[in-house]
file run05.csv (CSV, N, CA and C atoms)
chain,number,residue,atom,x,y,z
A,35,MET,N,14.6,-2.6,-10.2
A,35,MET,CA,15.0,-3.4,-9.1
A,35,MET,C,14.2,-2.9,-7.9
A,36,SER,N,13.7,-3.8,-7.1
A,36,SER,CA,12.8,-3.5,-6.0
A,36,SER,C,13.6,-3.1,-4.7
A,37,THR,N,13.1,-2.2,-4.0
A,37,THR,CA,13.8,-1.8,-2.7
A,37,THR,C,13.4,-2.9,-1.7
A,38,LEU,N,14.0,-2.9,-0.6
A,38,LEU,CA,13.8,-3.9,0.5
A,38,LEU,C,12.3,-3.7,1.0
A,39,ASN,N,11.9,-2.5,1.1
A,39,ASN,CA,10.5,-2.2,1.6
A,39,ASN,C,9.5,-2.8,0.6
A,40,GLU,N,9.7,-2.6,-0.7
A,40,GLU,CA,8.8,-3.2,-1.7
A,40,GLU,C,8.8,-4.7,-1.7
A,41,LEU,N,9.9,-5.3,-1.5
A,41,LEU,CA,10.1,-6.7,-1.4
A,41,LEU,C,9.3,-7.3,-0.2
A,42,ALA,N,9.4,-6.6,1.0
A,42,ALA,CA,8.7,-7.0,2.2
A,42,ALA,C,7.2,-6.9,1.9
A,43,GLU,N,6.8,-5.9,1.2
A,43,GLU,CA,5.3,-5.7,0.9
A,43,GLU,C,4.8,-6.8,0.0
A,44,GLN,N,5.6,-7.2,-1.0
A,44,GLN,CA,5.2,-8.3,-1.9
A,44,GLN,C,5.1,-9.6,-1.1
A,45,ILE,N,6.1,-9.8,-0.2
A,45,ILE,CA,6.0,-11.1,0.6
A,45,ILE,C,4.8,-11.1,1.5
A,46,SER,N,4.5,-10.0,2.1
A,46,SER,CA,3.3,-9.9,2.9
A,46,SER,C,2.0,-10.1,2.1
A,47,TYR,N,2.0,-9.7,0.9
A,47,TYR,CA,0.8,-9.9,0.0
A,47,TYR,C,0.7,-11.4,-0.4
A,48,LEU,N,1.8,-12.0,-0.7
A,48,LEU,CA,1.8,-13.4,-1.2
A,48,LEU,C,1.6,-14.4,0.0
A,49,TYR,N,2.1,-14.0,1.1
A,49,TYR,CA,2.1,-14.9,2.3
A,49,TYR,C,1.4,-14.1,3.5
A,50,PRO,N,0.1,-14.0,3.4
A,50,PRO,CA,-0.6,-13.1,4.3
A,50,PRO,C,-0.7,-13.5,5.8
A,51,LEU,N,-0.5,-14.8,6.1
A,51,LEU,CA,-0.6,-15.2,7.5
A,51,LEU,C,0.8,-15.2,8.2
A,52,GLU,N,0.8,-14.7,9.4
A,52,GLU,CA,2.0,-14.7,10.2
A,52,GLU,C,1.8,-15.4,11.5
A,53,ASP,N,2.7,-16.3,11.8
A,53,ASP,CA,2.7,-17.0,13.1
A,53,ASP,C,3.4,-16.0,14.0
A,54,THR,N,2.6,-15.4,15.0
A,54,THR,CA,3.2,-14.4,15.8
A,54,THR,C,4.2,-14.9,16.8
A,55,ARG,N,4.2,-16.2,17.1
A,55,ARG,CA,5.1,-16.8,18.0
A,55,ARG,C,6.5,-16.9,17.4
A,56,TYR,N,6.6,-17.2,16.1
A,56,TYR,CA,7.9,-17.4,15.5
A,56,TYR,C,8.2,-16.4,14.4
A,57,GLY,N,7.2,-15.5,14.0
A,57,GLY,CA,7.5,-14.5,13.0
A,57,GLY,C,7.6,-15.1,11.6
A,58,ILE,N,7.1,-16.3,11.4
A,58,ILE,CA,7.2,-16.9,10.1
A,58,ILE,C,5.9,-16.6,9.3
A,59,ARG,N,6.0,-16.3,8.0
A,59,ARG,CA,4.9,-16.0,7.2
A,59,ARG,C,4.5,-17.2,6.4
A,60,TYR,N,3.2,-17.4,6.2
A,60,TYR,CA,2.6,-18.5,5.5
A,60,TYR,C,1.5,-18.1,4.5
A,61,ARG,N,1.3,-19.0,3.5
A,61,ARG,CA,0.1,-18.8,2.6
A,61,ARG,C,-0.7,-20.1,2.8
A,62,ILE,N,-2.0,-20.0,2.6
A,62,ILE,CA,-2.9,-21.1,2.6
A,62,ILE,C,-2.8,-21.9,1.3
A,63,VAL,N,-2.5,-23.2,1.4
A,63,VAL,CA,-2.5,-24.0,0.2
A,63,VAL,C,-3.8,-24.8,0.0
A,64,ASP,N,-4.3,-25.4,1.1
A,64,ASP,CA,-5.5,-26.2,0.9
A,64,ASP,C,-6.2,-26.3,2.3
A,65,GLN,N,-7.5,-26.6,2.3
A,65,GLN,CA,-8.2,-26.8,3.5
A,65,GLN,C,-9.1,-28.1,3.3
A,66,LEU,N,-9.0,-29.0,4.2
A,66,LEU,CA,-9.7,-30.2,4.0
A,66,LEU,C,-10.0,-30.9,5.4
A,67,GLY,N,-11.2,-31.2,5.7
A,67,GLY,CA,-11.6,-31.9,6.9
A,67,GLY,C,-11.1,-31.2,8.2
A,68,GLY,N,-11.2,-29.9,8.3
A,68,GLY,CA,-10.9,-29.2,9.5
A,68,GLY,C,-9.4,-29.0,9.7
A,69,THR,N,-8.6,-29.3,8.6
A,69,THR,CA,-7.1,-29.1,8.7
A,69,THR,C,-6.8,-28.1,7.5
A,70,THR,N,-5.9,-27.2,7.8
A,70,THR,CA,-5.4,-26.3,6.8
A,70,THR,C,-3.9,-26.5,6.5
A,71,GLU,N,-3.6,-26.7,5.2
A,71,GLU,CA,-2.2,-26.8,4.8
A,71,GLU,C,-1.7,-25.4,4.5
A,72,LEU,N,-0.6,-25.1,5.2
A,72,LEU,CA,0.1,-23.8,5.0
A,72,LEU,C,1.5,-24.1,4.3
A,73,GLU,N,2.0,-23.1,3.6
A,73,GLU,CA,3.3,-23.1,3.1
A,73,GLU,C,4.1,-21.9,3.5
A,74,ALA,N,5.2,-22.1,4.1
A,74,ALA,CA,6.1,-21.0,4.5
A,74,ALA,C,6.8,-20.4,3.3
A,75,VAL,N,7.4,-19.2,3.5
A,75,VAL,CA,8.1,-18.6,2.5
A,75,VAL,C,9.2,-19.5,2.0
A,76,SER,N,9.8,-20.3,2.9
A,76,SER,CA,10.9,-21.2,2.6
A,76,SER,C,10.4,-22.4,1.7
A,77,GLY,N,9.0,-22.6,1.7
A,77,GLY,CA,8.5,-23.7,0.9
A,77,GLY,C,8.1,-24.9,1.8
A,78,GLN,N,8.4,-24.8,3.1
A,78,GLN,CA,8.1,-25.9,4.0
A,78,GLN,C,6.6,-26.0,4.3
A,79,PRO,N,6.0,-27.1,4.2
A,79,PRO,CA,4.6,-27.2,4.5
A,79,PRO,C,4.3,-27.3,6.0
A,80,ARG,N,3.2,-26.9,6.5
A,80,ARG,CA,2.8,-27.0,7.9
A,80,ARG,C,1.3,-27.3,7.9
A,81,TYR,N,0.8,-28.1,8.8
A,81,TYR,CA,-0.6,-28.5,8.9
A,81,TYR,C,-1.1,-28.1,10.2
A,82,VAL,N,-2.2,-27.3,10.2
A,82,VAL,CA,-2.8,-26.8,11.5
A,82,VAL,C,-4.3,-27.0,11.5
A,83,PRO,N,-4.9,-27.1,12.6
A,83,PRO,CA,-6.4,-27.1,12.6
A,83,PRO,C,-6.9,-25.8,12.2
A,84,THR,N,-7.9,-25.8,11.3
A,84,THR,CA,-8.5,-24.6,10.7
A,84,THR,C,-8.9,-23.6,11.8
A,85,GLN,N,-9.5,-24.2,12.9
A,85,GLN,CA,-10.0,-23.3,14.0
A,85,GLN,C,-8.9,-22.6,14.7
A,86,ALA,N,-7.7,-23.1,14.7
A,86,ALA,CA,-6.6,-22.5,15.3
A,86,ALA,C,-6.2,-21.2,14.7
A,87,LEU,N,-6.5,-21.1,13.4
A,87,LEU,CA,-6.1,-19.8,12.6
A,87,LEU,C,-6.9,-18.6,13.0
A,88,LYS,N,-8.0,-18.9,13.7
A,88,LYS,CA,-8.9,-17.8,14.2
A,88,LYS,C,-8.4,-17.1,15.5
A,89,ASP,N,-7.4,-17.7,16.1
A,89,ASP,CA,-6.8,-17.2,17.4
A,89,ASP,C,-5.8,-16.1,17.0
A,90,GLN,N,-6.3,-14.9,17.3
A,90,GLN,CA,-5.5,-13.7,16.9
A,90,GLN,C,-4.2,-13.5,17.8
A,91,ARG,N,-4.1,-14.2,18.9
A,91,ARG,CA,-2.9,-14.2,19.7
A,91,ARG,C,-1.8,-14.9,19.0
A,92,LEU,N,-2.2,-15.9,18.2
A,92,LEU,CA,-1.2,-16.8,17.6
A,92,LEU,C,-1.0,-16.5,16.1
A,93,TRP,N,-2.0,-16.0,15.4
A,93,TRP,CA,-2.0,-15.8,14.0
A,93,TRP,C,-2.4,-14.3,13.6
A,94,ARG,N,-1.7,-13.7,12.7
A,94,ARG,CA,-2.0,-12.4,12.2
A,94,ARG,C,-2.3,-12.5,10.8
A,95,ASN,N,-3.4,-12.1,10.3
A,95,ASN,CA,-3.7,-12.1,8.9
A,95,ASN,C,-3.6,-10.7,8.3
A,96,GLN,N,-2.7,-10.6,7.3
A,96,GLN,CA,-2.4,-9.3,6.7
A,96,GLN,C,-3.3,-9.0,5.5
A,97,ALA,N,-4.1,-10.0,5.1
A,97,ALA,CA,-4.9,-9.9,3.9
A,97,ALA,C,-6.1,-8.9,4.0

call {"tool": "encode", "arguments": {"input": "run05.csv", "output": "structure tokens"}}
result
Amino acid sequence: MSTLNELAEQISYLYPLEDTRYGIRYRIVDQLGGTTELEAVSGQPRYVPTQALKDQRLWRNQA
């Protein structure tokens, strides 16, 4: 059985992007035509411009 810290570490590994405004973690599903499809831990998709992911004030990459 995993401890809470181990579980948090596994989530951060599987979902390396964090939206710093809302504290939601995402993983990259696909990139096409300047748009990146992300998936939240909850499974909800989100589409953002690929260039926006480079803004470190908005996105933190744990990878």

call {"tool": "residues_around", "arguments": {"input": "run05.csv", "residues": "Val75 (chain A)", "least_positions_apart": "6", "cutoff": "7 Å", "atoms": "only N, CA and C atoms", "output": "list in words"}}
result
Tyr49, Ile58, Arg59, Tyr60 and Arg61 of chain A

call {"tool": "atom_distance", "arguments": {"input": "run05.csv", "atom1": "CA of Tyr81 (chain A)", "atom2": "CA of Asn39 (chain A)"}}
result
29.5 Å

call {"tool": "residues_around", "arguments": {"input": "run05.csv", "residues": "region 62-72 of chain A", "least_positions_apart": "4", "cutoff": "8 Å", "atoms": "only N, CA and C atoms", "output": "compact mmCIF listing (two decimals) with N, CA and C atoms, in the frame of the given file"}}
result
# COMPACT_ATOMS: atom_id res chain seq x y z
N LEU A 48 1.80 -12.00 -0.70
CA LEU A 48 1.80 -13.40 -1.20
C LEU A 48 1.60 -14.40 0.00
N TYR A 49 2.10 -14.00 1.10
CA TYR A 49 2.10 -14.90 2.30
C TYR A 49 1.40 -14.10 3.50
N PRO A 50 0.10 -14.00 3.40
CA PRO A 50 -0.60 -13.10 4.30
C PRO A 50 -0.70 -13.50 5.80
N LEU A 51 -0.50 -14.80 6.10
CA LEU A 51 -0.60 -15.20 7.50
C LEU A 51 0.80 -15.20 8.20
N GLY A 77 9.00 -22.60 1.70
CA GLY A 77 8.50 -23.70 0.90
C GLY A 77 8.10 -24.90 1.80
N GLN A 78 8.40 -24.80 3.10
CA GLN A 78 8.10 -25.90 4.00
C GLN A 78 6.60 -26.00 4.30
N PRO A 79 6.00 -27.10 4.20
CA PRO A 79 4.60 -27.20 4.50
C PRO A 79 4.30 -27.30 6.00
N ARG A 80 3.20 -26.90 6.50
CA ARG A 80 2.80 -27.00 7.90
C ARG A 80 1.30 -27.30 7.90
N TYR A 81 0.80 -28.10 8.80
CA TYR A 81 -0.60 -28.50 8.90
C TYR A 81 -1.10 -28.10 10.20
N VAL A 82 -2.20 -27.30 10.20
CA VAL A 82 -2.80 -26.80 11.50
C VAL A 82 -4.30 -27.00 11.50
N PRO A 83 -4.90 -27.10 12.60
CA PRO A 83 -6.40 -27.10 12.60
C PRO A 83 -6.90 -25.80 12.20
N THR A 84 -7.90 -25.80 11.30
CA THR A 84 -8.50 -24.60 10.70
C THR A 84 -8.90 -23.60 11.80
N GLN A 85 -9.50 -24.20 12.90
CA GLN A 85 -10.00 -23.30 14.00
C GLN A 85 -8.90 -22.60 14.70
N ALA A 86 -7.70 -23.10 14.70
CA ALA A 86 -6.60 -22.50 15.30
C ALA A 86 -6.20 -21.20 14.70

call {"tool": "atom_distance", "arguments": {"input": "run05.csv", "atom1": "atom C of Ile45 (chain A)", "atom2": "atom N of Trp93 (chain A)"}}
result
16.2 Å

call {"tool": "atom_distance", "arguments": {"input": "run05.csv", "atom1": "atom C of Gln90 (chain A)", "atom2": "atom N of Thr54 (chain A)"}}
result
7.6 Å

call {"tool": "select_by_dssp", "arguments": {"input": "run05.csv", "residues": "chain A", "states": "helix (DSSP H, G or I)", "output": "ChimeraX atom specification"}}
result
/A:38-48,84-88

call {"tool": "write_last_selection", "arguments": {"input": "run05.csv", "atoms": "N, CA and C atoms", "output": "CSV table (one decimal), in the coordinates of the input"}}
result
chain,number,residue,atom,x,y,z
A,38,LEU,N,14.0,-2.9,-0.6
A,38,LEU,CA,13.8,-3.9,0.5
A,38,LEU,C,12.3,-3.7,1.0
A,39,ASN,N,11.9,-2.5,1.1
A,39,ASN,CA,10.5,-2.2,1.6
A,39,ASN,C,9.5,-2.8,0.6
A,40,GLU,N,9.7,-2.6,-0.7
A,40,GLU,CA,8.8,-3.2,-1.7
A,40,GLU,C,8.8,-4.7,-1.7
A,41,LEU,N,9.9,-5.3,-1.5
A,41,LEU,CA,10.1,-6.7,-1.4
A,41,LEU,C,9.3,-7.3,-0.2
A,42,ALA,N,9.4,-6.6,1.0
A,42,ALA,CA,8.7,-7.0,2.2
A,42,ALA,C,7.2,-6.9,1.9
A,43,GLU,N,6.8,-5.9,1.2
A,43,GLU,CA,5.3,-5.7,0.9
A,43,GLU,C,4.8,-6.8,0.0
A,44,GLN,N,5.6,-7.2,-1.0
A,44,GLN,CA,5.2,-8.3,-1.9
A,44,GLN,C,5.1,-9.6,-1.1
A,45,ILE,N,6.1,-9.8,-0.2
A,45,ILE,CA,6.0,-11.1,0.6
A,45,ILE,C,4.8,-11.1,1.5
A,46,SER,N,4.5,-10.0,2.1
A,46,SER,CA,3.3,-9.9,2.9
A,46,SER,C,2.0,-10.1,2.1
A,47,TYR,N,2.0,-9.7,0.9
A,47,TYR,CA,0.8,-9.9,0.0
A,47,TYR,C,0.7,-11.4,-0.4
A,48,LEU,N,1.8,-12.0,-0.7
A,48,LEU,CA,1.8,-13.4,-1.2
A,48,LEU,C,1.6,-14.4,0.0
A,84,THR,N,-7.9,-25.8,11.3
A,84,THR,CA,-8.5,-24.6,10.7
A,84,THR,C,-8.9,-23.6,11.8
A,85,GLN,N,-9.5,-24.2,12.9
A,85,GLN,CA,-10.0,-23.3,14.0
A,85,GLN,C,-8.9,-22.6,14.7
A,86,ALA,N,-7.7,-23.1,14.7
A,86,ALA,CA,-6.6,-22.5,15.3
A,86,ALA,C,-6.2,-21.2,14.7
A,87,LEU,N,-6.5,-21.1,13.4
A,87,LEU,CA,-6.1,-19.8,12.6
A,87,LEU,C,-6.9,-18.6,13.0
A,88,LYS,N,-8.0,-18.9,13.7
A,88,LYS,CA,-8.9,-17.8,14.2
A,88,LYS,C,-8.4,-17.1,15.5

call {"tool": "select_by_dssp", "arguments": {"input": "run05.csv", "residues": "chain A", "states": "strand (DSSP E)", "output": "VMD selection string"}}
result
chain A and resid 51 to 53 58 to 66 69 to 74 79 to 83 93 to 95

call {"tool": "decode", "arguments": {"input": "run05.csv", "residues": "region 53-93 of chain A", "atoms": "N, CA and C atoms", "output": "PDB file, in the first residue's frame"}}
result
ATOM      1  N   ASP A  53      -0.830  23.733 -13.830  1.00  0.00           N
ATOM      2  CA  ASP A  53      -1.334  25.087 -14.057  1.00  0.00           C
ATOM      3  C   ASP A  53      -1.185  25.817 -12.729  1.00  0.00           C
ATOM      4  N   THR A  54      -0.270  26.780 -12.652  1.00  0.00           N
ATOM      5  CA  THR A  54       0.030  27.439 -11.379  1.00  0.00           C
ATOM      6  C   THR A  54      -1.109  28.325 -10.894  1.00  0.00           C
ATOM      7  N   ARG A  55      -2.006  28.721 -11.782  1.00  0.00           N
ATOM      8  CA  ARG A  55      -3.143  29.558 -11.360  1.00  0.00           C
ATOM      9  C   ARG A  55      -4.167  28.760 -10.578  1.00  0.00           C
ATOM     10  N   TYR A  56      -4.387  27.503 -10.979  1.00  0.00           N
ATOM     11  CA  TYR A  56      -5.446  26.699 -10.370  1.00  0.00           C
ATOM     12  C   TYR A  56      -4.930  25.487  -9.614  1.00  0.00           C
ATOM     13  N   GLY A  57      -3.652  25.168  -9.765  1.00  0.00           N
ATOM     14  CA  GLY A  57      -3.075  24.023  -9.058  1.00  0.00           C
ATOM     15  C   GLY A  57      -3.526  22.681  -9.613  1.00  0.00           C
ATOM     16  N   ILE A  58      -3.934  22.657 -10.885  1.00  0.00           N
ATOM     17  CA  ILE A  58      -4.391  21.417 -11.511  1.00  0.00           C
ATOM     18  C   ILE A  58      -3.246  20.817 -12.318  1.00  0.00           C
ATOM     19  N   ARG A  59      -3.068  19.509 -12.207  1.00  0.00           N
ATOM     20  CA  ARG A  59      -1.999  18.808 -12.919  1.00  0.00           C
ATOM     21  C   ARG A  59      -2.539  18.226 -14.220  1.00  0.00           C
ATOM     22  N   TYR A  60      -1.694  18.248 -15.262  1.00  0.00           N
ATOM     23  CA  TYR A  60      -2.067  17.766 -16.586  1.00  0.00           C
ATOM     24  C   TYR A  60      -0.963  16.914 -17.185  1.00  0.00           C
ATOM     25  N   ARG A  61      -1.356  16.104 -18.148  1.00  0.00           N
ATOM     26  CA  ARG A  61      -0.389  15.403 -18.990  1.00  0.00           C
ATOM     27  C   ARG A  61      -0.687  15.790 -20.423  1.00  0.00           C
ATOM     28  N   ILE A  62       0.335  15.761 -21.275  1.00  0.00           N
ATOM     29  CA  ILE A  62       0.168  16.093 -22.687  1.00  0.00           C
ATOM     30  C   ILE A  62      -0.332  14.857 -23.418  1.00  0.00           C
ATOM     31  N   VAL A  63      -1.448  15.024 -24.128  1.00  0.00           N
ATOM     32  CA  VAL A  63      -2.037  13.931 -24.885  1.00  0.00           C
ATOM     33  C   VAL A  63      -1.611  14.007 -26.350  1.00  0.00           C
ATOM     34  N   ASP A  64      -1.693  15.209 -26.942  1.00  0.00           N
ATOM     35  CA  ASP A  64      -1.394  15.358 -28.357  1.00  0.00           C
ATOM     36  C   ASP A  64      -1.043  16.806 -28.664  1.00  0.00           C
ATOM     37  N   GLN A  65      -0.275  17.014 -29.705  1.00  0.00           N
ATOM     38  CA  GLN A  65       0.044  18.356 -30.187  1.00  0.00           C
ATOM     39  C   GLN A  65      -0.194  18.376 -31.684  1.00  0.00           C
ATOM     40  N   LEU A  66      -0.948  19.379 -32.140  1.00  0.00           N
ATOM     41  CA  LEU A  66      -1.255  19.475 -33.556  1.00  0.00           C
ATOM     42  C   LEU A  66      -1.554  20.916 -33.924  1.00  0.00           C
ATOM     43  N   GLY A  67      -0.870  21.420 -34.924  1.00  0.00           N
ATOM     44  CA  GLY A  67      -1.154  22.742 -35.456  1.00  0.00           C
ATOM     45  C   GLY A  67      -1.065  23.877 -34.453  1.00  0.00           C
ATOM     46  N   GLY A  68      -0.100  23.832 -33.564  1.00  0.00           N
ATOM     47  CA  GLY A  68       0.075  24.902 -32.594  1.00  0.00           C
ATOM     48  C   GLY A  68      -0.828  24.818 -31.379  1.00  0.00           C
ATOM     49  N   THR A  69      -1.594  23.729 -31.276  1.00  0.00           N
ATOM     50  CA  THR A  69      -2.475  23.518 -30.125  1.00  0.00           C
ATOM     51  C   THR A  69      -2.054  22.235 -29.417  1.00  0.00           C
ATOM     52  N   THR A  70      -2.058  22.275 -28.100  1.00  0.00           N
ATOM     53  CA  THR A  70      -1.713  21.102 -27.305  1.00  0.00           C
ATOM     54  C   THR A  70      -2.952  20.638 -26.548  1.00  0.00           C
ATOM     55  N   GLU A  71      -3.232  19.344 -26.657  1.00  0.00           N
ATOM     56  CA  GLU A  71      -4.334  18.754 -25.893  1.00  0.00           C
ATOM     57  C   GLU A  71      -3.760  18.218 -24.584  1.00  0.00           C
ATOM     58  N   LEU A  72      -4.331  18.681 -23.485  1.00  0.00           N
ATOM     59  CA  LEU A  72      -3.925  18.232 -22.158  1.00  0.00           C
ATOM     60  C   LEU A  72      -5.050  17.423 -21.534  1.00  0.00           C
ATOM     61  N   GLU A  73      -4.686  16.563 -20.597  1.00  0.00           N
ATOM     62  CA  GLU A  73      -5.686  15.824 -19.838  1.00  0.00           C
ATOM     63  C   GLU A  73      -5.396  16.004 -18.359  1.00  0.00           C
ATOM     64  N   ALA A  74      -6.408  16.420 -17.611  1.00  0.00           N
ATOM     65  CA  ALA A  74      -6.272  16.608 -16.171  1.00  0.00           C
ATOM     66  C   ALA A  74      -6.307  15.252 -15.470  1.00  0.00           C
ATOM     67  N   VAL A  75      -5.912  15.237 -14.222  1.00  0.00           N
ATOM     68  CA  VAL A  75      -5.962  14.013 -13.424  1.00  0.00           C
ATOM     69  C   VAL A  75      -7.388  13.465 -13.410  1.00  0.00           C
ATOM     70  N   SER A  76      -8.380  14.356 -13.446  1.00  0.00           N
ATOM     71  CA  SER A  76      -9.788  13.944 -13.435  1.00  0.00           C
ATOM     72  C   SER A  76     -10.235  13.353 -14.764  1.00  0.00           C
ATOM     73  N   GLY A  77      -9.402  13.487 -15.822  1.00  0.00           N
ATOM     74  CA  GLY A  77      -9.746  12.960 -17.135  1.00  0.00           C
ATOM     75  C   GLY A  77     -10.320  13.998 -18.078  1.00  0.00           C
ATOM     76  N   GLN A  78     -10.555  15.207 -17.583  1.00  0.00           N
ATOM     77  CA  GLN A  78     -11.139  16.261 -18.414  1.00  0.00           C
ATOM     78  C   GLN A  78     -10.085  16.835 -19.365  1.00  0.00           C
ATOM     79  N   PRO A  79     -10.424  16.935 -20.671  1.00  0.00           N
ATOM     80  CA  PRO A  79      -9.478  17.493 -21.628  1.00  0.00           C
ATOM     81  C   PRO A  79      -9.431  19.019 -21.566  1.00  0.00           C
ATOM     82  N   ARG A  80      -8.309  19.559 -22.011  1.00  0.00           N
ATOM     83  CA  ARG A  80      -8.140  21.009 -22.099  1.00  0.00           C
ATOM     84  C   ARG A  80      -7.233  21.285 -23.287  1.00  0.00           C
ATOM     85  N   TYR A  81      -7.553  22.303 -24.057  1.00  0.00           N
ATOM     86  CA  TYR A  81      -6.778  22.658 -25.238  1.00  0.00           C
ATOM     87  C   TYR A  81      -6.167  24.034 -25.031  1.00  0.00           C
ATOM     88  N   VAL A  82      -4.847  24.131 -25.202  1.00  0.00           N
ATOM     89  CA  VAL A  82      -4.145  25.398 -25.015  1.00  0.00           C
ATOM     90  C   VAL A  82      -3.166  25.601 -26.169  1.00  0.00           C
ATOM     91  N   PRO A  83      -2.870  26.858 -26.496  1.00  0.00           N
ATOM     92  CA  PRO A  83      -1.826  27.104 -27.496  1.00  0.00           C
ATOM     93  C   PRO A  83      -0.484  26.564 -26.986  1.00  0.00           C
ATOM     94  N   THR A  84       0.235  25.877 -27.849  1.00  0.00           N
ATOM     95  CA  THR A  84       1.504  25.265 -27.458  1.00  0.00           C
ATOM     96  C   THR A  84       2.474  26.301 -26.905  1.00  0.00           C
ATOM     97  N   GLN A  85       2.512  27.495 -27.486  1.00  0.00           N
ATOM     98  CA  GLN A  85       3.405  28.564 -27.025  1.00  0.00           C
ATOM     99  C   GLN A  85       3.099  28.962 -25.579  1.00  0.00           C
ATOM    100  N   ALA A  86       1.844  28.890 -25.162  1.00  0.00           N
ATOM    101  CA  ALA A  86       1.459  29.285 -23.804  1.00  0.00           C
ATOM    102  C   ALA A  86       2.120  28.404 -22.747  1.00  0.00           C
ATOM    103  N   LEU A  87       2.443  27.173 -23.103  1.00  0.00           N
ATOM    104  CA  LEU A  87       3.050  26.252 -22.136  1.00  0.00           C
ATOM    105  C   LEU A  87       4.463  26.657 -21.748  1.00  0.00           C
ATOM    106  N   LYS A  88       5.073  27.547 -22.533  1.00  0.00           N
ATOM    107  CA  LYS A  88       6.436  28.022 -22.231  1.00  0.00           C
ATOM    108  C   LYS A  88       6.453  29.121 -21.185  1.00  0.00           C
ATOM    109  N   ASP A  89       5.293  29.679 -20.859  1.00  0.00           N
ATOM    110  CA  ASP A  89       5.202  30.755 -19.862  1.00  0.00           C
ATOM    111  C   ASP A  89       5.301  30.149 -18.466  1.00  0.00           C
ATOM    112  N   GLN A  90       6.443  30.315 -17.827  1.00  0.00           N
ATOM    113  CA  GLN A  90       6.688  29.703 -16.521  1.00  0.00           C
ATOM    114  C   GLN A  90       5.892  30.349 -15.395  1.00  0.00           C
ATOM    115  N   ARG A  91       5.306  31.505 -15.641  1.00  0.00           N
ATOM    116  CA  ARG A  91       4.429  32.091 -14.627  1.00  0.00           C
ATOM    117  C   ARG A  91       3.107  31.352 -14.556  1.00  0.00           C
ATOM    118  N   LEU A  92       2.724  30.725 -15.666  1.00  0.00           N
ATOM    119  CA  LEU A  92       1.430  30.040 -15.735  1.00  0.00           C
ATOM    120  C   LEU A  92       1.553  28.516 -15.630  1.00  0.00           C
ATOM    121  N   TRP A  93       2.675  27.974 -16.116  1.00  0.00           N
ATOM    122  CA  TRP A  93       2.845  26.531 -16.171  1.00  0.00           C
ATOM    123  C   TRP A  93       4.148  26.105 -15.509  1.00  0.00           C
TER     124      TRP A  93
END
